[in-house]
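> Take a look at model_32.cif, mmCIF, C-alpha atoms and all ligand atoms; chains and numbers go by the auth columns:
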```cif
data_work
#
loop_
_atom_site.group_PDB
_atom_site.id
_atom_site.type_symbol
_atom_site.label_atom_id
_atom_site.label_comp_id
_atom_site.label_asym_id
_atom_site.label_seq_id
_atom_site.Cartn_x
_atom_site.Cartn_y
_atom_site.Cartn_z
_atom_site.B_iso_or_equiv
_atom_site.auth_seq_id
_atom_site.auth_asym_id
ATOM 1 C CA MET A 1 0.000 0.000 0.000 0.00 1 A
ATOM 2 C CA THR A 2 1.245 3.499 -0.825 0.00 2 A
ATOM 3 C CA THR A 3 0.932 5.946 2.060 0.00 3 A
ATOM 4 C CA ALA A 4 1.124 9.723 1.817 0.00 4 A
ATOM 5 C CA VAL A 5 4.137 9.618 4.164 0.00 5 A
ATOM 6 C CA ASP A 6 6.037 7.209 1.864 0.00 6 A
ATOM 7 C CA VAL A 7 5.335 9.394 -1.143 0.00 7 A
ATOM 8 C CA SER A 8 6.318 12.563 0.692 0.00 8 A
ATOM 9 C CA GLN A 9 9.606 11.059 1.958 0.00 9 A
ATOM 10 C CA ARG A 10 10.570 9.739 -1.461 0.00 10 A
ATOM 11 C CA TRP A 11 9.540 13.055 -3.052 0.00 11 A
ATOM 12 C CA ASP A 12 11.937 14.970 -0.779 0.00 12 A
ATOM 13 C CA GLU A 13 14.791 12.540 -1.518 0.00 13 A
ATOM 14 C CA LEU A 14 14.310 12.805 -5.273 0.00 14 A
ATOM 15 C CA ALA A 15 13.938 16.598 -5.116 0.00 15 A
ATOM 16 C CA ALA A 16 17.290 16.811 -3.273 0.00 16 A
ATOM 17 C CA VAL A 17 18.996 14.683 -5.946 0.00 17 A
ATOM 18 C CA LYS A 18 17.401 16.800 -8.686 0.00 18 A
ATOM 19 C CA ASP A 19 18.767 19.970 -7.070 0.00 19 A
ATOM 20 C CA GLU A 20 22.281 18.507 -6.915 0.00 20 A
ATOM 21 C CA LEU A 21 22.257 17.337 -10.535 0.00 21 A
ATOM 22 C CA ALA A 22 20.875 20.722 -11.579 0.00 22 A
ATOM 23 C CA GLU A 23 23.832 22.391 -9.828 0.00 23 A
ATOM 24 C CA ARG A 24 26.082 20.326 -12.071 0.00 24 A
ATOM 25 C CA ASP A 25 24.122 21.612 -15.088 0.00 25 A
ATOM 26 C CA TRP A 26 23.102 18.105 -16.109 0.00 26 A
ATOM 27 C CA PHE A 27 19.603 19.073 -17.375 0.00 27 A
ATOM 28 C CA PRO A 28 20.258 21.176 -20.527 0.00 28 A
ATOM 29 C CA GLY A 29 17.219 22.102 -22.620 0.00 29 A
ATOM 30 C CA THR A 30 14.688 20.361 -20.318 0.00 30 A
ATOM 31 C CA SER A 31 16.469 17.035 -20.904 0.00 31 A
ATOM 32 C CA GLY A 32 16.779 14.354 -18.255 0.00 32 A
ATOM 33 C CA ASN A 33 14.351 12.507 -16.026 0.00 33 A
ATOM 34 C CA LEU A 34 14.536 10.966 -12.560 0.00 34 A
ATOM 35 C CA SER A 35 12.545 8.428 -10.623 0.00 35 A
ATOM 36 C CA ILE A 36 12.391 6.821 -7.198 0.00 36 A
ATOM 37 C CA LYS A 37 10.557 3.655 -6.169 0.00 37 A
ATOM 38 C CA VAL A 38 7.762 4.053 -3.635 0.00 38 A
ATOM 39 C CA THR A 39 6.386 0.489 -3.464 0.00 39 A
ATOM 40 C CA ALA A 40 7.833 -2.723 -4.900 0.00 40 A
ATOM 41 C CA VAL A 41 4.656 -4.848 -5.082 0.00 41 A
ATOM 42 C CA PRO A 42 2.722 -3.578 -6.854 0.00 42 A
ATOM 43 C CA LEU A 43 5.341 -1.311 -8.415 0.00 43 A
ATOM 44 C CA THR A 44 4.761 2.410 -7.966 0.00 44 A
ATOM 45 C CA PHE A 45 7.340 5.146 -8.418 0.00 45 A
ATOM 46 C CA LEU A 46 7.635 8.894 -8.528 0.00 46 A
ATOM 47 C CA VAL A 47 8.918 10.212 -11.859 0.00 47 A
ATOM 48 C CA THR A 48 9.648 13.701 -13.165 0.00 48 A
ATOM 49 C CA ALA A 49 6.892 15.421 -15.135 0.00 49 A
ATOM 50 C CA SER A 50 7.625 15.674 -18.867 0.00 50 A
ATOM 51 C CA GLY A 51 9.093 18.688 -20.598 0.00 51 A
ATOM 52 C CA LYS A 52 9.809 20.738 -17.499 0.00 52 A
ATOM 53 C CA ASP A 53 12.908 22.722 -16.643 0.00 53 A
ATOM 54 C CA LYS A 54 14.404 20.293 -14.136 0.00 54 A
ATOM 55 C CA ARG A 55 16.592 23.058 -12.684 0.00 55 A
ATOM 56 C CA LYS A 56 13.502 24.600 -11.068 0.00 56 A
ATOM 57 C CA ARG A 57 11.848 23.270 -7.897 0.00 57 A
ATOM 58 C CA THR A 58 8.031 23.281 -8.096 0.00 58 A
ATOM 59 C CA PRO A 59 5.127 21.360 -6.484 0.00 59 A
ATOM 60 C CA GLU A 60 4.507 19.736 -9.903 0.00 60 A
ATOM 61 C CA ASP A 61 7.998 18.284 -10.350 0.00 61 A
ATOM 62 C CA PHE A 62 7.006 14.623 -9.859 0.00 62 A
ATOM 63 C CA LEU A 63 3.989 12.378 -10.175 0.00 63 A
ATOM 64 C CA LEU A 64 3.268 8.863 -8.988 0.00 64 A
ATOM 65 C CA VAL A 65 2.942 6.201 -11.684 0.00 65 A
ATOM 66 C CA ASP A 66 2.014 2.520 -11.592 0.00 66 A
ATOM 67 C CA LYS A 67 3.646 -0.670 -12.910 0.00 67 A
ATOM 68 C CA ASP A 68 2.586 0.278 -16.472 0.00 68 A
ATOM 69 C CA SER A 69 4.003 3.830 -16.206 0.00 69 A
ATOM 70 C CA ARG A 70 0.495 5.297 -15.950 0.00 70 A
ATOM 71 C CA PRO A 71 -0.350 8.122 -13.510 0.00 71 A
ATOM 72 C CA VAL A 72 -1.907 6.734 -10.311 0.00 72 A
ATOM 73 C CA GLU A 73 -4.184 9.777 -10.112 0.00 73 A
ATOM 74 C CA PRO A 74 -5.673 11.565 -13.110 0.00 74 A
ATOM 75 C CA GLY A 75 -4.389 15.107 -13.593 0.00 75 A
ATOM 76 C CA ALA A 76 -2.836 17.567 -15.950 0.00 76 A
ATOM 77 C CA LEU A 77 0.728 16.393 -15.358 0.00 77 A
ATOM 78 C CA LYS A 78 2.293 14.059 -17.912 0.00 78 A
ATOM 79 C CA PRO A 79 4.952 11.595 -16.763 0.00 79 A
ATOM 80 C CA SER A 80 8.326 11.767 -18.495 0.00 80 A
ATOM 81 C CA ALA A 81 8.206 10.523 -22.077 0.00 81 A
ATOM 82 C CA GLU A 82 10.924 8.072 -20.987 0.00 82 A
ATOM 83 C CA THR A 83 9.082 6.689 -17.933 0.00 83 A
ATOM 84 C CA VAL A 84 9.007 3.207 -19.452 0.00 84 A
ATOM 85 C CA LEU A 85 12.823 3.083 -19.233 0.00 85 A
ATOM 86 C CA HIS A 86 12.577 3.615 -15.477 0.00 86 A
ATOM 87 C CA GLN A 87 9.821 0.987 -15.287 0.00 87 A
ATOM 88 C CA LYS A 88 12.077 -1.580 -17.007 0.00 88 A
ATOM 89 C CA ILE A 89 14.949 -0.796 -14.628 0.00 89 A
ATOM 90 C CA TYR A 90 12.669 -1.509 -11.650 0.00 90 A
ATOM 91 C CA GLU A 91 11.397 -4.706 -13.310 0.00 91 A
ATOM 92 C CA LYS A 92 14.862 -6.063 -14.075 0.00 92 A
ATOM 93 C CA THR A 93 16.911 -4.940 -11.063 0.00 93 A
ATOM 94 C CA GLN A 94 16.655 -4.319 -7.325 0.00 94 A
ATOM 95 C CA ALA A 95 17.048 -0.567 -7.991 0.00 95 A
ATOM 96 C CA GLY A 96 15.256 1.937 -5.793 0.00 96 A
ATOM 97 C CA CYS A 97 16.190 4.992 -7.848 0.00 97 A
ATOM 98 C CA SER A 98 16.952 5.585 -11.533 0.00 98 A
ATOM 99 C CA LEU A 99 18.557 8.713 -13.012 0.00 99 A
ATOM 100 C CA HIS A 100 18.768 9.765 -16.679 0.00 100 A
ATOM 101 C CA VAL A 101 20.886 12.723 -17.818 0.00 101 A
ATOM 102 C CA HIS A 102 22.230 14.087 -21.086 0.00 102 A
ATOM 103 C CA THR A 103 25.798 15.426 -20.888 0.00 103 A
ATOM 104 C CA VAL A 104 28.309 16.267 -23.601 0.00 104 A
ATOM 105 C CA ASP A 105 30.726 13.680 -22.182 0.00 105 A
ATOM 106 C CA ASN A 106 28.220 10.821 -22.045 0.00 106 A
ATOM 107 C CA ASN A 107 27.055 11.655 -25.592 0.00 107 A
ATOM 108 C CA LEU A 108 30.628 11.680 -26.923 0.00 108 A
ATOM 109 C CA ILE A 109 31.476 8.351 -25.274 0.00 109 A
ATOM 110 C CA SER A 110 28.228 6.754 -26.492 0.00 110 A
ATOM 111 C CA ASP A 111 29.079 7.764 -30.057 0.00 111 A
ATOM 112 C CA LEU A 112 32.837 7.046 -30.013 0.00 112 A
ATOM 113 C CA TYR A 113 32.345 3.517 -28.602 0.00 113 A
ATOM 114 C CA PHE A 114 28.990 2.667 -30.213 0.00 114 A
ATOM 115 C CA GLU A 115 30.433 0.135 -32.676 0.00 115 A
ATOM 116 C CA GLU A 116 32.035 -1.817 -29.783 0.00 116 A
ATOM 117 C CA GLY A 117 28.603 -1.975 -28.079 0.00 117 A
ATOM 118 C CA GLU A 118 30.135 -1.038 -24.712 0.00 118 A
ATOM 119 C CA ILE A 119 32.957 0.792 -23.010 0.00 119 A
ATOM 120 C CA THR A 120 35.157 -0.877 -20.388 0.00 120 A
ATOM 121 C CA PHE A 121 36.972 0.922 -17.580 0.00 121 A
ATOM 122 C CA LYS A 122 39.961 -0.680 -15.884 0.00 122 A
ATOM 123 C CA HIS A 123 42.767 0.583 -13.615 0.00 123 A
ATOM 124 C CA GLN A 124 40.671 3.537 -12.537 0.00 124 A
ATOM 125 C CA GLU A 125 40.235 4.248 -8.829 0.00 125 A
ATOM 126 C CA LEU A 126 36.658 5.381 -9.283 0.00 126 A
ATOM 127 C CA ILE A 127 35.383 1.946 -10.360 0.00 127 A
ATOM 128 C CA LYS A 128 35.415 1.277 -6.600 0.00 128 A
ATOM 129 C CA ALA A 129 32.189 3.317 -6.549 0.00 129 A
ATOM 130 C CA PHE A 130 30.698 0.175 -8.141 0.00 130 A
ATOM 131 C CA GLN A 131 32.216 -2.144 -5.492 0.00 131 A
ATOM 132 C CA ILE A 132 34.965 -3.338 -7.840 0.00 132 A
ATOM 133 C CA TRP A 133 37.986 -3.752 -5.571 0.00 133 A
ATOM 134 C CA GLU A 134 40.228 -6.176 -7.533 0.00 134 A
ATOM 135 C CA GLU A 135 43.384 -4.720 -9.107 0.00 135 A
ATOM 136 C CA ASP A 136 42.357 -5.981 -12.550 0.00 136 A
ATOM 137 C CA GLY A 137 38.626 -5.472 -12.040 0.00 137 A
ATOM 138 C CA GLU A 138 36.616 -4.064 -14.939 0.00 138 A
ATOM 139 C CA LEU A 139 33.497 -1.945 -15.233 0.00 139 A
ATOM 140 C CA LYS A 140 31.434 -2.401 -18.408 0.00 140 A
ATOM 141 C CA VAL A 141 28.900 0.133 -19.617 0.00 141 A
ATOM 142 C CA PRO A 142 26.684 -1.146 -22.470 0.00 142 A
ATOM 143 C CA ILE A 143 25.747 1.226 -25.317 0.00 143 A
ATOM 144 C CA VAL A 144 22.456 0.909 -27.215 0.00 144 A
ATOM 145 C CA GLU A 145 20.984 2.615 -30.291 0.00 145 A
ATOM 146 C CA ASN A 146 18.786 5.641 -29.669 0.00 146 A
ATOM 147 C CA HIS A 147 15.510 4.179 -30.947 0.00 147 A
ATOM 148 C CA ALA A 148 12.765 6.775 -31.490 0.00 148 A
ATOM 149 C CA ASP A 149 10.193 4.201 -30.380 0.00 149 A
ATOM 150 C CA LEU A 150 10.510 4.465 -26.615 0.00 150 A
ATOM 151 C CA ASP A 151 9.174 0.955 -25.916 0.00 151 A
ATOM 152 C CA LYS A 152 11.834 -0.386 -28.275 0.00 152 A
ATOM 153 C CA LEU A 153 14.449 1.793 -26.569 0.00 153 A
ATOM 154 C CA ALA A 154 13.373 0.552 -23.134 0.00 154 A
ATOM 155 C CA ASP A 155 13.587 -3.070 -24.340 0.00 155 A
ATOM 156 C CA ALA A 156 17.055 -2.440 -25.809 0.00 156 A
ATOM 157 C CA VAL A 157 18.237 -1.028 -22.462 0.00 157 A
ATOM 158 C CA ALA A 158 16.611 -3.874 -20.501 0.00 158 A
ATOM 159 C CA GLU A 159 18.266 -6.512 -22.722 0.00 159 A
ATOM 160 C CA ARG A 160 21.719 -5.232 -21.749 0.00 160 A
ATOM 161 C CA ILE A 161 21.111 -5.385 -18.000 0.00 161 A
ATOM 162 C CA GLU A 162 23.049 -8.120 -16.228 0.00 162 A
ATOM 163 C CA PRO A 163 24.878 -8.454 -12.896 0.00 163 A
ATOM 164 C CA GLY A 164 27.587 -5.802 -12.659 0.00 164 A
ATOM 165 C CA VAL A 165 25.766 -3.382 -14.978 0.00 165 A
ATOM 166 C CA HIS A 166 24.687 -0.203 -13.164 0.00 166 A
ATOM 167 C CA GLY A 167 23.971 2.019 -16.141 0.00 167 A
ATOM 168 C CA VAL A 168 23.383 1.936 -19.897 0.00 168 A
ATOM 169 C CA LEU A 169 24.451 4.558 -22.442 0.00 169 A
ATOM 170 C CA ILE A 170 22.065 5.509 -25.238 0.00 170 A
ATOM 171 C CA ARG A 171 23.849 6.674 -28.393 0.00 171 A
ATOM 172 C CA ASN A 172 23.993 10.466 -28.709 0.00 172 A
ATOM 173 C CA HIS A 173 21.258 10.735 -26.124 0.00 173 A
ATOM 174 C CA GLY A 174 22.410 10.133 -22.552 0.00 174 A
ATOM 175 C CA ILE A 175 22.808 7.631 -19.739 0.00 175 A
ATOM 176 C CA THR A 176 20.374 5.881 -17.448 0.00 176 A
ATOM 177 C CA ALA A 177 22.054 4.859 -14.183 0.00 177 A
ATOM 178 C CA TRP A 178 20.540 3.321 -11.087 0.00 178 A
ATOM 179 C CA GLY A 179 21.231 2.202 -7.543 0.00 179 A
ATOM 180 C CA ARG A 180 19.563 0.576 -4.543 0.00 180 A
ATOM 181 C CA ASP A 181 18.513 4.020 -3.314 0.00 181 A
ATOM 182 C CA ALA A 182 18.910 7.689 -4.227 0.00 182 A
ATOM 183 C CA PHE A 183 22.346 7.927 -2.588 0.00 183 A
ATOM 184 C CA GLU A 184 23.738 4.963 -4.533 0.00 184 A
ATOM 185 C CA ALA A 185 22.129 5.981 -7.840 0.00 185 A
ATOM 186 C CA LYS A 186 23.718 9.453 -7.568 0.00 186 A
ATOM 187 C CA LYS A 187 27.062 7.946 -6.583 0.00 187 A
ATOM 188 C CA HIS A 188 26.977 5.696 -9.653 0.00 188 A
ATOM 189 C CA LEU A 189 25.954 8.532 -11.958 0.00 189 A
ATOM 190 C CA GLU A 190 28.717 10.821 -10.680 0.00 190 A
ATOM 191 C CA ALA A 191 31.304 8.060 -11.027 0.00 191 A
ATOM 192 C CA PHE A 192 30.177 7.293 -14.598 0.00 192 A
ATOM 193 C CA GLU A 193 30.398 10.947 -15.565 0.00 193 A
ATOM 194 C CA PHE A 194 33.880 11.265 -14.023 0.00 194 A
ATOM 195 C CA LEU A 195 35.058 8.243 -16.028 0.00 195 A
ATOM 196 C CA PHE A 196 33.473 9.547 -19.267 0.00 196 A
ATOM 197 C CA SER A 197 35.050 12.972 -18.797 0.00 197 A
ATOM 198 C CA TYR A 198 38.454 11.399 -18.154 0.00 198 A
ATOM 199 C CA GLN A 199 38.145 9.210 -21.252 0.00 199 A
ATOM 200 C CA VAL A 200 37.103 12.101 -23.513 0.00 200 A
ATOM 201 C CA LYS A 201 40.129 14.131 -22.397 0.00 201 A
ATOM 202 C CA ARG A 202 42.432 11.145 -22.781 0.00 202 A
ATOM 203 C CA GLU A 203 41.206 10.602 -26.362 0.00 203 A
ATOM 204 C CA LEU A 204 41.766 14.276 -27.130 0.00 204 A
ATOM 205 C CA LEU A 205 45.316 14.227 -25.769 0.00 205 A
ATOM 206 C CA ARG A 206 46.101 11.094 -27.732 0.00 206 A
ATOM 207 C CA ARG A 207 45.074 12.592 -31.087 0.00 207 A
HETATM 208 C C1 LIG B . 14.489 17.864 -24.700 0.00 301 A
HETATM 209 S S1 LIG B . 15.342 16.385 -24.442 0.00 301 A
HETATM 210 C C2 LIG B . 14.346 15.162 -25.316 0.00 301 A
HETATM 211 C C3 LIG B . 13.590 14.217 -24.411 0.00 301 A
HETATM 212 C C4 LIG B . 14.539 13.507 -23.495 0.00 301 A
HETATM 213 O O1 LIG B . 15.403 12.772 -23.964 0.00 301 A
HETATM 214 C C5 LIG B . 14.511 13.703 -22.071 0.00 301 A
HETATM 215 O O2 LIG B . 15.359 13.178 -21.367 0.00 301 A
HETATM 216 C C6 LIG B . 13.471 14.543 -21.413 0.00 301 A
HETATM 217 O O3 LIG B . 12.183 14.071 -21.638 0.00 301 A
HETATM 218 P P1 LIG B . 11.041 14.264 -20.516 0.00 301 A
HETATM 219 O O4 LIG B . 9.767 13.832 -21.181 0.00 301 A
HETATM 220 O O5 LIG B . 11.430 13.400 -19.357 0.00 301 A
HETATM 221 O O6 LIG B . 11.034 15.720 -20.131 0.00 301 A
HETATM 222 ZN ZN ZN B . 16.543 11.630 -22.492 0.00 302 A
#
```
When written as structure tokens, how does the structure in this file appear?


Amino acid sequence: MTTAVDVSQRWDELAAVKDELAERDWFPGTSGNLSIKVTAVPLTFLVTASGKDKRKRTPEDFLLVDKDSRPVEPGALKPSAETVLHQKIYEKTQAGCSLHVHTVDNNLISDLYFEEGEITFKHQELIKAFQIWEEDGELKVPIVENHADLDKLADAVAERIEPGVHGVLIRNHGITAWGRDAFEAKKHLEAFEFLFSYQVKRELLRR
């Protein structure tokens, strides 16, 4: 059962994450969407309303949706166009929070490594953010095509989820990253973006 207290607590957590990502300027041109799980069975989650400037904090920032990404209560607010991606993450993982942002670095990496289908990070301290502690441990980030059909896109992302995958890049679009809760999802997203930024600069220096 969803209680008003659960929704309000999760709302505040997601709003705090949204503020922090906004400070990093990770929502250019109204892009990006965020969600947080409220109940597991049946699945309900708060998701950002579509088309809004996610840098602003308003009482209409999020709405509660059900297991089919439909609003729990009728109203004027539309859930993110990409809500079904969040739904698939909750269906396929134990995630409690899912974050999607468009950055120049994640777009460049998704394009540069698209043909390989993934990018692998090794010998980087920050892969410890993903609990990889071995000296030769590797972090793989799958890359999928940016299908215009969002159900197809969500299926393509879901197909690449396996143990050890904490985020999927969408070619020239952005990344969807997740974690057990808001803290872990943000930690993963920040670590991914650090690694992408490093790799972009490394490629530039090499050329
Ligand atoms: C203006 S960016 C195009 C849509 C998109 O990729 C995105 O992340 C934002 O869509 P939403 O419906 O969640 O506002
Ligand atoms: Zn997007």

> Considering all atoms listed in the file, can you say which of A:Arg171, A:Arg10, A:Lys67, A:Lys201 comes closest to Leu112 in chain A?

A:Arg171

> Take the PyMOL selection byres (((not hetatm)) within 8 of (chain A and resi 301)), run it mentally on this structure, and tell me the resulting residues as a list in words.

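When the PyMOL selection byres (((not hetatm)) within 8 of (chain A and resi 301)) is applied to the shown file, the picked residues are Pro28, Gly29, Thr30, Ser31, Gly32, Asn33, Leu34, Thr48, Ala49, Ser50, Gly51, Lys52, Pro79, Ser80, Ala81, Glu82, Thr83, His100, Val101, His102, His173 and Gly174 of chain A.
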
> So which residues are close to (17.4, 7.6, -6.0), meaning at most 8 Å away in the file's coordinates with all atoms listed in the file counted, and can you show them as a list of chain:residue names?

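Those residues lying close to the given coordinates are A:Glu13, A:Leu14, A:Val17, A:Leu34, A:Ser35, A:Ile36, A:Lys37, A:Gly96, A:Cys97, A:Ser98, A:Leu99, A:Trp178, A:Gly179, A:Arg180, A:Asp181, A:Ala182, A:Phe183, A:Glu184, A:Ala185, A:Lys186.
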
> Produce a file of the selected residues containing C-alpha atoms, as a PDB file, in the frame of the given file.


```
ATOM      1  CA  GLU A  13      14.791  12.540  -1.518  1.00  0.00           C
ATOM      2  CA  LEU A  14      14.310  12.805  -5.273  1.00  0.00           C
ATOM      3  CA  VAL A  17      18.996  14.683  -5.946  1.00  0.00           C
ATOM      4  CA  LEU A  34      14.536  10.966 -12.560  1.00  0.00           C
ATOM      5  CA  SER A  35      12.545   8.428 -10.623  1.00  0.00           C
ATOM      6  CA  ILE A  36      12.391   6.821  -7.198  1.00  0.00           C
ATOM      7  CA  LYS A  37      10.557   3.655  -6.169  1.00  0.00           C
ATOM      8  CA  GLY A  96      15.256   1.937  -5.793  1.00  0.00           C
ATOM      9  CA  CYS A  97      16.190   4.992  -7.848  1.00  0.00           C
ATOM     10  CA  SER A  98      16.952   5.585 -11.533  1.00  0.00           C
ATOM     11  CA  LEU A  99      18.557   8.713 -13.012  1.00  0.00           C
ATOM     12  CA  TRP A 178      20.540   3.321 -11.087  1.00  0.00           C
ATOM     13  CA  GLY A 179      21.231   2.202  -7.543  1.00  0.00           C
ATOM     14  CA  ARG A 180      19.563   0.576  -4.543  1.00  0.00           C
ATOM     15  CA  ASP A 181      18.513   4.020  -3.314  1.00  0.00           C
ATOM     16  CA  ALA A 182      18.910   7.689  -4.227  1.00  0.00           C
ATOM     17  CA  PHE A 183      22.346   7.927  -2.588  1.00  0.00           C
ATOM     18  CA  GLU A 184      23.738   4.963  -4.533  1.00  0.00           C
ATOM     19  CA  ALA A 185      22.129   5.981  -7.840  1.00  0.00           C
ATOM     20  CA  LYS A 186      23.718   9.453  -7.568  1.00  0.00           C
TER      21      LYS A 186
END
```

> To test your reading of the syntax: which residues would the PyMOL selection byres (((chain A and resi 107-111) around 8) and not hetatm) return for the file shown? Reply as a PyMOL selection string.

chain A and resi 102-106+112-114+143+169-174+196+199-200

> Tell me which protein, DNA and RNA residues are within 10 Å of Glu91 in chain A, counting only C-alpha atoms, leaving out same-chain ones fewer than 6 positions away, and put them as a list in words.

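So the residues in contact are Ala40, Leu43, Lys67, Leu85 and Ala158 of chain A.
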
> Run the PyMOL selection byres (((chain A and resi 166) around 8) and not hetatm) mentally over the shown coordinates, then write out the matched residues as a ChimeraX atom specification, using the chain letters and numbers from the document.

/A:130,141,161,164-165,167-168,177-179,188

> Grab the CA of Ala76 in chain A to CA of Asp53 in chain A distance for me, in Å with one decimal place.

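Between these atoms lies a distance of 16.6 Å.
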
> Need the shell around Ile132 in chain A: protein/DNA/RNA residues with any atom at most 10 Å away, counting only C-alpha atoms. Skip same-chain ones fewer than 6 positions apart. Format as JSON, numbers by chain?

{"A": [122, 125, 126, 138, 139, 164]}

> Please produce an output containing C-alpha atoms for each residue in the selection, written as a short mmCIF file (atom, residue, chain, number, x, y, z; two decimals), in the coordinates of the input.


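Below is the file that was written, out.cif:
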```cif
data_model
loop_
_atom_site.label_atom_id
_atom_site.label_comp_id
_atom_site.auth_asym_id
_atom_site.auth_seq_id
_atom_site.Cartn_x
_atom_site.Cartn_y
_atom_site.Cartn_z
CA LYS A 122 39.96 -0.68 -15.88
CA GLU A 125 40.24 4.25 -8.83
CA LEU A 126 36.66 5.38 -9.28
CA GLU A 138 36.62 -4.06 -14.94
CA LEU A 139 33.50 -1.94 -15.23
CA GLY A 164 27.59 -5.80 -12.66
#
```

> Point out the residue among A:Val144, A:Ala16, A:Val84, A:Leu150 with the least atom-to-atom distance to Ile175 in chain A, counting only C-alpha atoms.

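Nearest candidate to Ile175 in chain A out of A:Val144, A:Ala16, A:Val84, A:Leu150: A:Val144.
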
> Have a look at A:Arg160, A:Phe27, A:Lys152, A:Glu20 and name the one nearest to ligand ZN 302 (chain A); count only C-alpha atoms and all ligand atoms.

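Among the listed residues, A:Phe27 lies closest to ligand ZN 302 (chain A).
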
> Write out as a PyMOL selection string each polymer residue whose atoms come within 6 Å of Thr44 in chain A, counting all atoms listed in the file; drop sequence neighbours fewer than 6 positions from it.

chain A and resi 38+65-67

> Please report, as JSON, the centre and edge lengths in Å to one decimal of an axis-aligned box covering all listed atoms of range 116-121 of chain A with 6 Å per side.


```
{"center_x": 32.8, "center_y": -0.5, "center_z": -23.7, "size_x": 20.4, "size_y": 14.9, "size_z": 24.2}
```

> Which residue, A:Ala191, A:Leu153, A:Leu64, A:Ala15, has the smallest gap to ligand ZN 302 (chain A) when you use all atoms listed in the file?

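Comparing A:Ala191, A:Leu153, A:Leu64, A:Ala15 against ligand ZN 302 (chain A), the winner is A:Leu153.
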
> With distances taken over all atoms listed in the file, which residue among A:Lys187, A:Trp26, A:Tyr90, A:Glu135 lies nearest ligand ZN 302 (chain A)?

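Residue with the minimum atom-to-atom distance to ligand ZN 302 (chain A): A:Trp26.
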
> Please compute the CA of Ala95 in chain A-CA of Asp61 in chain A distance, one decimal, in Å.

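CA of Ala95 in chain A sits 21.0 Å away from CA of Asp61 in chain A.
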
> Would you please work out which residue, of A:Glu203, A:Leu195, A:Glu116, A:His86, is nearest to ligand ZN 302 (chain A) when using only C-alpha atoms and all ligand atoms?

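Closest to ligand ZN 302 (chain A) of all the choices is A:His86.
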
> Scan for residues within 8 Å of the point (5.1, 12.4, -6.3) in the coordinates of the file, using all atoms listed in the file, and reply as a list in words.

Val7, Ser8, Arg10, Trp11, Phe45, Leu46, Val47, Asp61, Phe62, Leu63 and Leu64 of chain A
